[in-house]
>>> print(open('start27.cif').read())   # mmCIF, C-alpha atoms (C1' of nucleotides)
data_data
loop_
_atom_site.label_atom_id
_atom_site.label_comp_id
_atom_site.auth_asym_id
_atom_site.auth_seq_id
_atom_site.Cartn_x
_atom_site.Cartn_y
_atom_site.Cartn_z
CA MET G 1 28.58 -74.60 -41.09
CA PRO G 2 29.17 -71.36 -42.84
CA GLU G 3 29.22 -68.42 -40.47
CA LEU G 4 30.02 -64.77 -41.12
CA PRO G 5 33.62 -65.22 -42.38
CA GLU G 6 32.70 -68.01 -44.77
CA VAL G 7 29.69 -66.12 -46.11
CA GLU G 8 31.82 -63.01 -46.58
CA VAL G 9 34.34 -65.04 -48.56
CA VAL G 10 31.48 -66.19 -50.77
CA ARG G 11 30.24 -62.61 -51.18
CA ALA G 12 33.69 -61.33 -52.08
CA GLY G 13 34.19 -64.20 -54.52
CA LEU G 14 30.86 -63.55 -56.20
CA GLU G 15 31.35 -59.81 -56.50
CA PRO G 16 33.57 -59.62 -59.62
CA ALA G 17 31.67 -62.45 -61.29
CA VAL G 18 28.07 -61.33 -60.80
CA THR G 19 28.25 -57.54 -60.67
CA GLY G 20 26.92 -56.35 -64.02
CA ALA G 21 26.22 -59.91 -65.16
CA THR G 22 22.98 -60.87 -66.88
CA VAL G 23 21.00 -63.98 -65.96
CA ARG G 24 20.40 -66.00 -69.12
CA ARG G 25 18.86 -69.13 -67.69
CA VAL G 26 17.70 -70.47 -64.35
CA GLU G 27 17.21 -74.13 -63.47
CA VAL G 28 15.67 -75.27 -60.22
CA VAL G 29 16.81 -78.83 -59.64
CA GLU G 30 15.44 -79.08 -56.11
CA GLU G 31 12.23 -77.22 -55.26
CA ARG G 32 12.91 -77.39 -51.53
CA SER G 33 15.87 -75.07 -51.97
CA LEU G 34 13.27 -72.35 -52.66
CA ARG G 35 11.59 -72.77 -49.27
CA ARG G 36 12.10 -69.07 -48.50
CA HIS G 37 10.76 -67.98 -51.87
CA ASP G 38 7.21 -66.71 -51.74
CA GLY G 39 5.79 -68.49 -54.77
CA PRO G 40 6.31 -71.45 -57.09
CA SER G 41 9.61 -72.17 -58.80
CA GLU G 42 8.18 -70.92 -62.11
CA ASP G 43 7.81 -67.52 -60.47
CA PHE G 44 11.39 -67.62 -59.19
CA VAL G 45 12.69 -68.50 -62.65
CA ALA G 46 10.57 -65.87 -64.38
CA ARG G 47 11.59 -63.04 -62.08
CA LEU G 48 15.28 -63.86 -62.34
CA THR G 49 15.66 -64.69 -66.00
CA GLY G 50 16.86 -61.77 -68.11
CA THR G 51 17.71 -59.52 -65.16
CA ARG G 52 21.01 -57.77 -64.62
CA LEU G 53 22.72 -58.27 -61.28
CA ALA G 54 24.34 -55.67 -59.04
CA ALA G 55 27.06 -56.02 -56.41
CA PRO G 56 26.30 -58.55 -53.66
CA HIS G 57 25.71 -57.53 -50.04
CA ARG G 58 25.78 -59.38 -46.76
CA ARG G 59 24.44 -59.04 -43.25
CA GLY G 60 25.47 -61.73 -40.79
CA LYS G 61 25.01 -65.00 -42.62
CA PHE G 62 22.51 -63.61 -45.11
CA LEU G 63 23.71 -62.77 -48.61
CA TRP G 64 21.84 -61.02 -51.40
CA VAL G 65 22.39 -59.90 -54.96
CA PRO G 66 20.28 -56.88 -55.99
CA LEU G 67 18.48 -57.09 -59.30
CA ALA G 68 19.43 -53.95 -61.23
CA ASP G 69 16.68 -51.37 -61.88
CA SER G 70 14.38 -53.17 -59.49
CA ASP G 71 13.27 -53.28 -55.86
CA GLU G 72 14.09 -56.95 -55.61
CA VAL G 73 17.09 -59.08 -54.73
CA LEU G 74 18.24 -62.64 -55.11
CA ALA G 75 18.55 -63.65 -51.46
CA ILE G 76 20.87 -66.52 -50.56
CA HIS G 77 21.30 -68.37 -47.31
CA LEU G 78 23.80 -71.21 -47.12
CA GLY G 79 22.20 -72.90 -44.13
CA MET G 80 24.30 -75.73 -42.81
CA SER G 81 25.86 -77.05 -45.95
CA GLY G 82 25.27 -74.60 -48.80
CA GLN G 83 27.95 -73.74 -51.32
CA VAL G 84 28.04 -71.35 -54.25
CA LEU G 85 30.35 -72.56 -56.98
CA LEU G 86 31.47 -70.54 -60.00
CA ARG G 87 31.97 -72.84 -62.93
CA SER G 88 32.73 -72.83 -66.61
CA PRO G 89 29.57 -73.85 -68.55
CA ASP G 90 31.05 -77.20 -69.58
CA HIS G 91 32.19 -78.15 -66.09
CA PRO G 92 30.49 -81.27 -64.67
CA ARG G 93 27.85 -80.63 -62.04
CA GLU G 94 28.22 -81.63 -58.45
CA ARG G 95 25.83 -84.39 -57.44
CA LEU G 96 24.03 -82.25 -54.87
CA THR G 97 23.46 -79.25 -57.15
CA ARG G 98 20.08 -77.71 -56.28
CA ILE G 99 19.88 -74.56 -58.42
CA VAL G 100 21.84 -73.49 -61.50
CA LEU G 101 22.15 -69.95 -62.88
CA ASP G 102 23.68 -69.39 -66.31
CA LEU G 103 25.15 -65.90 -66.56
CA ASP G 104 26.72 -63.61 -69.08
CA SER G 105 29.43 -62.37 -66.77
CA PRO G 106 32.10 -59.67 -66.91
CA LEU G 107 34.34 -62.41 -65.53
CA GLY G 108 33.39 -65.48 -67.53
CA GLY G 109 34.75 -68.99 -67.50
CA ASP G 110 38.03 -68.06 -69.15
CA GLY G 111 38.58 -64.95 -67.05
CA ARG G 112 37.30 -62.68 -69.81
CA PRO G 113 33.71 -61.50 -70.27
CA GLY G 114 31.52 -64.43 -71.26
CA PRO G 115 29.36 -67.29 -70.01
CA LEU G 116 29.62 -68.39 -66.41
CA ARG G 117 27.69 -70.89 -64.34
CA VAL G 118 26.69 -70.33 -60.73
CA ASP G 119 25.87 -73.61 -59.00
CA PHE G 120 24.06 -73.65 -55.69
CA VAL G 121 25.06 -76.92 -54.02
CA ASP G 122 23.52 -77.97 -50.71
CA GLN G 123 23.53 -81.35 -49.07
CA ARG G 124 21.06 -80.81 -46.27
CA ILE G 125 18.80 -78.30 -47.97
CA PHE G 126 18.75 -75.98 -44.97
CA GLY G 127 20.04 -73.29 -47.30
CA SER G 128 17.92 -71.50 -49.87
CA MET G 129 17.60 -69.02 -52.67
CA ALA G 130 14.65 -66.64 -52.98
CA ILE G 131 13.53 -63.43 -54.62
CA ALA G 132 12.78 -60.86 -51.93
CA GLY G 133 11.71 -57.24 -51.74
CA LEU G 134 13.69 -54.44 -50.11
CA VAL G 135 12.63 -52.54 -46.99
CA PRO G 136 14.33 -49.73 -45.05
CA ALA G 137 16.73 -50.85 -42.31
CA ALA G 138 15.22 -50.12 -38.89
CA ASP G 139 18.19 -48.16 -37.53
CA HIS G 140 19.25 -46.46 -40.78
CA PRO G 141 16.20 -46.09 -43.04
CA GLU G 142 18.31 -44.81 -45.91
CA GLN G 143 19.77 -48.29 -46.13
CA ARG G 144 17.56 -50.93 -47.70
CA ILE G 145 17.72 -54.61 -46.91
CA PRO G 146 15.70 -57.66 -47.96
CA SER G 147 12.43 -58.01 -46.08
CA HIS G 148 13.27 -61.32 -44.47
CA VAL G 149 16.61 -59.92 -43.23
CA ALA G 150 14.97 -56.94 -41.57
CA HIS G 151 14.69 -58.62 -38.17
CA ILE G 152 18.37 -59.66 -38.17
CA ALA G 153 20.76 -57.47 -36.19
CA ARG G 154 23.86 -55.99 -37.76
CA ASP G 155 26.98 -58.07 -37.45
CA PRO G 156 29.98 -57.01 -35.34
CA LEU G 157 32.08 -56.19 -38.41
CA ASP G 158 29.42 -53.78 -39.71
CA PRO G 159 30.66 -50.18 -39.26
CA LEU G 160 27.17 -49.25 -38.07
CA PHE G 161 27.05 -51.95 -35.39
CA ASP G 162 26.08 -50.23 -32.14
CA ASP G 163 28.28 -51.63 -29.35
CA ARG G 164 26.49 -49.84 -26.57
CA ARG G 165 23.07 -50.91 -27.70
CA PHE G 166 24.29 -54.51 -27.94
CA LEU G 167 25.78 -54.46 -24.45
CA ASP G 168 22.64 -52.89 -23.00
CA ARG G 169 20.33 -55.43 -24.63
CA LEU G 170 22.64 -58.26 -23.58
CA ARG G 171 22.51 -57.24 -19.95
CA ARG G 172 18.71 -57.00 -19.96
CA LYS G 173 18.19 -60.45 -21.45
CA GLN G 174 17.00 -63.31 -19.27
CA THR G 175 19.16 -65.95 -20.86
CA THR G 176 22.70 -67.29 -20.93
CA ILE G 177 25.61 -66.02 -22.94
CA LYS G 178 25.95 -68.60 -25.69
CA ARG G 179 22.25 -68.45 -26.48
CA ALA G 180 22.64 -64.71 -26.76
CA LEU G 181 25.64 -64.96 -29.09
CA LEU G 182 23.67 -67.29 -31.36
CA ASP G 183 20.60 -65.03 -31.29
CA GLN G 184 20.78 -63.39 -34.71
CA THR G 185 18.38 -60.65 -33.66
CA LEU G 186 20.87 -59.48 -31.03
CA VAL G 187 24.08 -59.80 -33.02
CA SER G 188 24.35 -61.63 -36.33
CA GLY G 189 26.94 -63.75 -38.08
CA ILE G 190 28.01 -65.91 -35.14
CA GLY G 191 27.38 -69.66 -35.27
CA ASN G 192 28.37 -72.56 -33.08
CA ILE G 193 32.06 -72.64 -34.02
CA TYR G 194 32.91 -68.99 -33.52
CA ALA G 195 30.69 -68.74 -30.44
CA ASP G 196 32.77 -71.44 -28.77
CA GLU G 197 36.01 -69.86 -29.98
CA ALA G 198 35.12 -66.37 -28.77
CA LEU G 199 33.93 -67.66 -25.39
CA TRP G 200 37.17 -69.60 -25.00
CA ALA G 201 39.23 -66.53 -25.86
CA ALA G 202 37.27 -64.41 -23.36
CA ARG G 203 37.39 -67.17 -20.71
CA ILE G 204 33.63 -67.20 -20.30
CA HIS G 205 31.50 -70.30 -19.67
CA TYR G 206 28.77 -70.82 -22.27
CA ASP G 207 26.04 -71.05 -19.64
CA GLN G 208 26.92 -67.82 -17.81
CA PRO G 209 23.74 -65.77 -17.35
CA THR G 210 23.98 -62.59 -19.41
CA ALA G 211 22.52 -60.51 -16.59
CA THR G 212 25.46 -61.43 -14.34
CA LEU G 213 28.14 -60.88 -16.95
CA SER G 214 30.01 -57.72 -15.98
CA ARG G 215 30.27 -54.89 -18.45
CA PRO G 216 34.07 -55.24 -18.79
CA ARG G 217 33.78 -58.98 -19.45
CA ALA G 218 30.99 -58.44 -21.97
CA THR G 219 33.11 -55.79 -23.68
CA THR G 220 36.04 -58.19 -23.81
CA LEU G 221 33.80 -60.86 -25.28
CA LEU G 222 32.63 -58.55 -28.06
CA ALA G 223 36.25 -57.70 -28.82
CA GLU G 224 37.12 -61.41 -28.96
CA VAL G 225 34.18 -62.05 -31.26
CA ARG G 226 35.58 -59.44 -33.63
CA LEU G 227 39.07 -60.89 -33.38
CA VAL G 228 38.01 -64.45 -34.09
CA LEU G 229 35.76 -63.42 -36.99
CA GLY G 230 38.43 -61.14 -38.42
CA LYS G 231 41.08 -63.80 -38.18
CA ALA G 232 38.90 -66.40 -39.88
CA LEU G 233 38.03 -63.90 -42.57
CA ALA G 234 41.69 -63.17 -43.24
CA GLU G 235 42.51 -66.87 -43.51
CA GLY G 236 39.43 -67.68 -45.55
CA GLY G 237 40.19 -64.84 -47.87
CA THR G 238 43.69 -66.08 -48.55
CA SER G 239 42.57 -69.63 -49.27
CA PHE G 240 40.45 -68.41 -52.13
CA ASP G 241 41.70 -67.70 -55.59
CA ALA G 242 39.87 -65.98 -58.25
CA GLN G 243 37.77 -67.85 -60.65
CA TYR G 244 36.42 -71.31 -60.62
CA VAL G 245 36.94 -70.89 -57.09
CA ASN G 246 35.23 -72.84 -54.77
CA VAL G 247 33.58 -69.91 -53.21
CA ASN G 248 32.73 -72.48 -50.67
CA GLY G 249 32.25 -71.85 -47.00
CA ALA G 250 33.75 -75.03 -45.69
CA SER G 251 37.09 -74.48 -47.38
CA GLY G 252 37.48 -71.21 -45.60
CA TYR G 253 37.57 -72.66 -42.13
CA PHE G 254 40.68 -72.10 -40.15
CA SER G 255 40.39 -75.49 -38.57
CA HIS G 256 44.10 -75.61 -37.87
CA SER G 257 43.78 -72.72 -35.46
CA LEU G 258 40.72 -73.76 -33.49
CA ASN G 259 41.27 -73.63 -29.74
CA ALA G 260 38.04 -75.09 -28.42
CA TYR G 261 35.57 -76.18 -31.12
CA GLY G 262 35.97 -79.88 -31.86
CA GLN G 263 38.96 -80.08 -29.54
CA GLN G 264 37.32 -82.22 -26.84
CA GLY G 265 39.88 -84.38 -25.06
CA LEU G 266 42.77 -82.27 -26.34
CA PRO G 267 44.66 -79.99 -23.97
CA CYS G 268 43.49 -76.39 -23.64
CA PRO G 269 46.14 -74.33 -25.47
CA ARG G 270 46.23 -71.97 -22.48
CA CYS G 271 46.37 -74.24 -19.44
CA GLY G 272 46.59 -77.82 -20.66
CA THR G 273 43.34 -79.00 -19.08
CA PRO G 274 41.43 -81.26 -21.49
CA ILE G 275 38.71 -79.47 -23.43
CA VAL G 276 35.21 -80.73 -22.60
CA ARG G 277 32.27 -81.12 -24.96
CA GLU G 278 28.75 -80.84 -23.59
CA THR G 279 25.45 -80.93 -25.42
CA PHE G 280 23.66 -77.61 -25.23
CA MET G 281 20.81 -76.32 -27.37
CA ASN G 282 20.97 -79.53 -29.40
CA ARG G 283 24.53 -78.82 -30.42
CA GLY G 284 28.00 -79.26 -29.03
CA SER G 285 29.55 -76.76 -26.67
CA HIS G 286 33.30 -76.97 -26.29
CA PHE G 287 35.10 -75.27 -23.45
CA CYS G 288 37.95 -75.46 -20.98
CA PRO G 289 36.55 -76.40 -17.57
CA ARG G 290 39.42 -74.61 -15.84
CA CYS G 291 39.68 -71.35 -17.82
CA GLN G 292 35.96 -70.94 -18.42
CA ARG G 293 33.91 -70.95 -15.24
CA ILE G 294 30.63 -69.29 -14.38
CA ARG G 295 31.35 -66.31 -12.17
"C1'" DA A 1 6.02 -60.84 -24.53
"C1'" DA A 2 9.84 -63.45 -24.35
"C1'" DG A 3 12.34 -67.58 -23.87
"C1'" DT A 4 12.88 -72.24 -25.40
"C1'" DA A 5 11.85 -76.61 -27.60
"C1'" DA A 6 10.65 -78.82 -31.94
"C1'" DT A 7 11.29 -79.04 -36.72
"C1'" DC A 8 13.34 -79.36 -41.10
"C1'" DC A 9 17.14 -82.28 -43.89
"C1'" DT A 10 20.60 -86.06 -45.70
"C1'" DG A 11 25.56 -87.68 -46.24
"C1'" DA A 12 28.96 -89.66 -43.49
"C1'" DT A 13 30.12 -92.54 -39.87
"C1'" DC A 14 29.59 -96.08 -36.39
"C1'" DG A 15 28.15 -100.37 -34.22
"C1'" DC A 16 26.34 -104.83 -34.58
"C1'" DT V 1 29.13 -106.95 -45.96
"C1'" DG V 2 24.96 -104.68 -44.99
"C1'" DC V 3 21.93 -101.93 -42.62
"C1'" DG V 4 19.78 -99.19 -39.21
"C1'" DA V 5 20.88 -95.69 -35.76
"C1'" DT V 6 23.26 -91.54 -34.78
"C1'" DC V 7 25.24 -87.07 -35.55
"C1'" DA V 8 26.01 -82.36 -37.52
"C1'" DG V 9 23.29 -77.40 -36.50
"C1'" DG V 10 20.96 -72.33 -38.76
"C1'" DA V 11 16.69 -70.39 -38.87
"C1'" DT V 12 11.85 -70.64 -38.49
"C1'" DT V 13 7.74 -72.33 -36.13
"C1'" DA V 14 5.15 -73.52 -32.50
"C1'" DC V 15 4.65 -73.78 -27.69
"C1'" DT V 16 4.82 -72.44 -22.69
#
>>> encode(input="start27.cif", output="structure tokens")
Amino acid sequence: MPELPEVEVVRAGLEPAVTGATVRRVEVVEERSLRRHDGPSEDFVARLTGTRLAAPHRRGKFLWVPLADSDEVLAIHLGMSGQVLLRSPDHPRERLTRIVLDLDSPLGGDGRPGPLRVDFVDQRIFGSMAIAGLVPAADHPEQRIPSHVAHIARDPLDPLFDDRRFLDRLRRKQTTIKRALLDQTLVSGIGNIYADEALWAARIHYDQPTATLSRPRATTLLAEVRLVLGKALAEGGTSFDAQYVNVNGASGYFSHSLNAYGQQGLPCPRCGTPIVRETFMNRGSHFCPRCQRIR
DNA sequence: AAGTAATCCTGATCGC
DNA sequence: TGCGATCAGGATTACT
């Protein structure tokens, strides 16, 4: 379940390998991985083949690689199970490889300029690649972002994230706090794991109505979101070494330092009360019934 | 209009 | 041992 930190690790891992690289060949193994692409796979292949790539960007869980001298990008979403693997051309393919890009890269298979393979691997096919156009960002029109990312809010690690606007919108919403944290149009990059972790850290129950959450508690929550994302990013970043790296989301998880997610039955690290798991929004919510109460 | 449920997906795991 | 049922959940869609 790649969330912001995992996707950022992928972006950072891709950067030296794809920036300035040229796409030599594109192979679509699984058409359904193009579900977000507006057109047939032949169109995807044609528009990508021969192009030069620029430095990758990210907003929340969305990742994109601009096509140089063009108004288009290669947009990537990892979904639930997507991975981007950098491989030497002769490296065996993973079984669940969905899309393959052959590049001439400044950082090729042997660490010097040369051929490099980018494998998009995805078990559940919730992830995708697509060619998308660029549109001005709503809040800063001088910034351009892919059209299908335009409705996504900035993430809390974005320097242009507007704390006050977030807190105001949060308070006005008629919903509960975990729904709000997972609402990518309100704040992006947070998924189920880091939502549970941030709520645990801020001692807030997942079903607390946002309208009744005091400003100081909401402010604390936002700070905890930043802390938990930043911590995961630091750990994910260290677990990743340069080339043939598994620029994979899953490897970046800091599972050893989870306090709530997946910890049902284990003692709360703060008070010792067993962590509870409840089903909410068709997913698991993990919390400490003593530390995290609706109030 | 806005909030929420349904939907897409398949490998791994579990129970019988 | 084999097989069907269950589970995981991000983002989009389709409702209410």
>>> atom_distance(input="start27.cif", atom1="CA of Gly114 (chain G)", atom2="CA of Thr51 (chain G)")
15.9 Å
>>> resolve_selection(input="start27.cif", expression="the PyMOL selection byres ((chain G) within 7 of (chain V))", output="count of residues only")
3
>>> atom_distance(input="start27.cif", atom1="CA of Gly265 (chain G)", atom2="CA of Ser285 (chain G)")
12.9 Å
>>> axis_aligned_box(input="start27.cif", around="chain V", padding_each_side="4 Å", output="lines of an AutoDock Vina configuration file")
center_x = 16.9
center_y = -88.7
center_z = -34.3
size_x = 32.5
size_y = 44.6
size_z = 31.3
>>> closest_residue(input="start27.cif", among="G:Met281, G:Cys271, G:Leu53, G:Ala150", to="chain A", atoms="only C-alpha atoms (C1' of nucleotides)")
G:Met281
>>> closest_residue(input="start27.cif", among="G:Pro267, G:Pro274, G:Pro209, G:Gly127", to="chain A", atoms="only C-alpha atoms (C1' of nucleotides)")
G:Gly127
>>> atom_distance(input="start27.cif", atom1="CA of Gln292 (chain G)", atom2="CA of Gln263 (chain G)")
14.7 Å
>>> resolve_selection(input="start27.cif", expression="the PyMOL selection byres ((chain A) within 12 of (chain G))", output="list in words")
DA2, DG3, DT4, DA5, DA6, DT7, DC8, DC9, DT10, DG11 and DA12 of chain A
>>> resolve_selection(input="start27.cif", expression="the PyMOL selection byres ((chain G and resi 264) around 10)", output="list in words")
Asn259, Ala260, Tyr261, Gly262, Gln263, Gly265, Leu266, Pro267, Cys268, Pro274, Ile275, Val276, Arg277, Glu278, Ser285, His286, Phe287 and Cys288 of chain G
>>> closest_residue(input="start27.cif", among="G:Gly191, G:Pro113, G:Gly39, G:Pro92", to="Ala21 (chain G)", atoms="all atoms listed in the file")
G:Pro113
>>> residues_around(input="start27.cif", residues="Val28 (chain G)", least_positions_apart="6", cutoff="12 Å", atoms="only C-alpha atoms (C1' of nucleotides)", output="compact mmCIF listing (two decimals) with C-alpha atoms, in the frame of the given file")
# COMPACT_ATOMS: atom_id res chain seq x y z
CA LEU G 34 13.27 -72.35 -52.66
CA ARG G 35 11.59 -72.77 -49.27
CA PRO G 40 6.31 -71.45 -57.09
CA SER G 41 9.61 -72.17 -58.80
CA GLU G 42 8.18 -70.92 -62.11
CA ASP G 43 7.81 -67.52 -60.47
CA PHE G 44 11.39 -67.62 -59.19
CA VAL G 45 12.69 -68.50 -62.65
CA ALA G 46 10.57 -65.87 -64.38
CA LEU G 48 15.28 -63.86 -62.34
CA THR G 97 23.46 -79.25 -57.15
CA ARG G 98 20.08 -77.71 -56.28
CA ILE G 99 19.88 -74.56 -58.42
CA VAL G 100 21.84 -73.49 -61.50
CA LEU G 101 22.15 -69.95 -62.88
CA ASP G 102 23.68 -69.39 -66.31
CA ASP G 119 25.87 -73.61 -59.00
CA PHE G 120 24.06 -73.65 -55.69
CA VAL G 121 25.06 -76.92 -54.02
CA SER G 128 17.92 -71.50 -49.87
CA MET G 129 17.60 -69.02 -52.67
CA ALA G 130 14.65 -66.64 -52.98
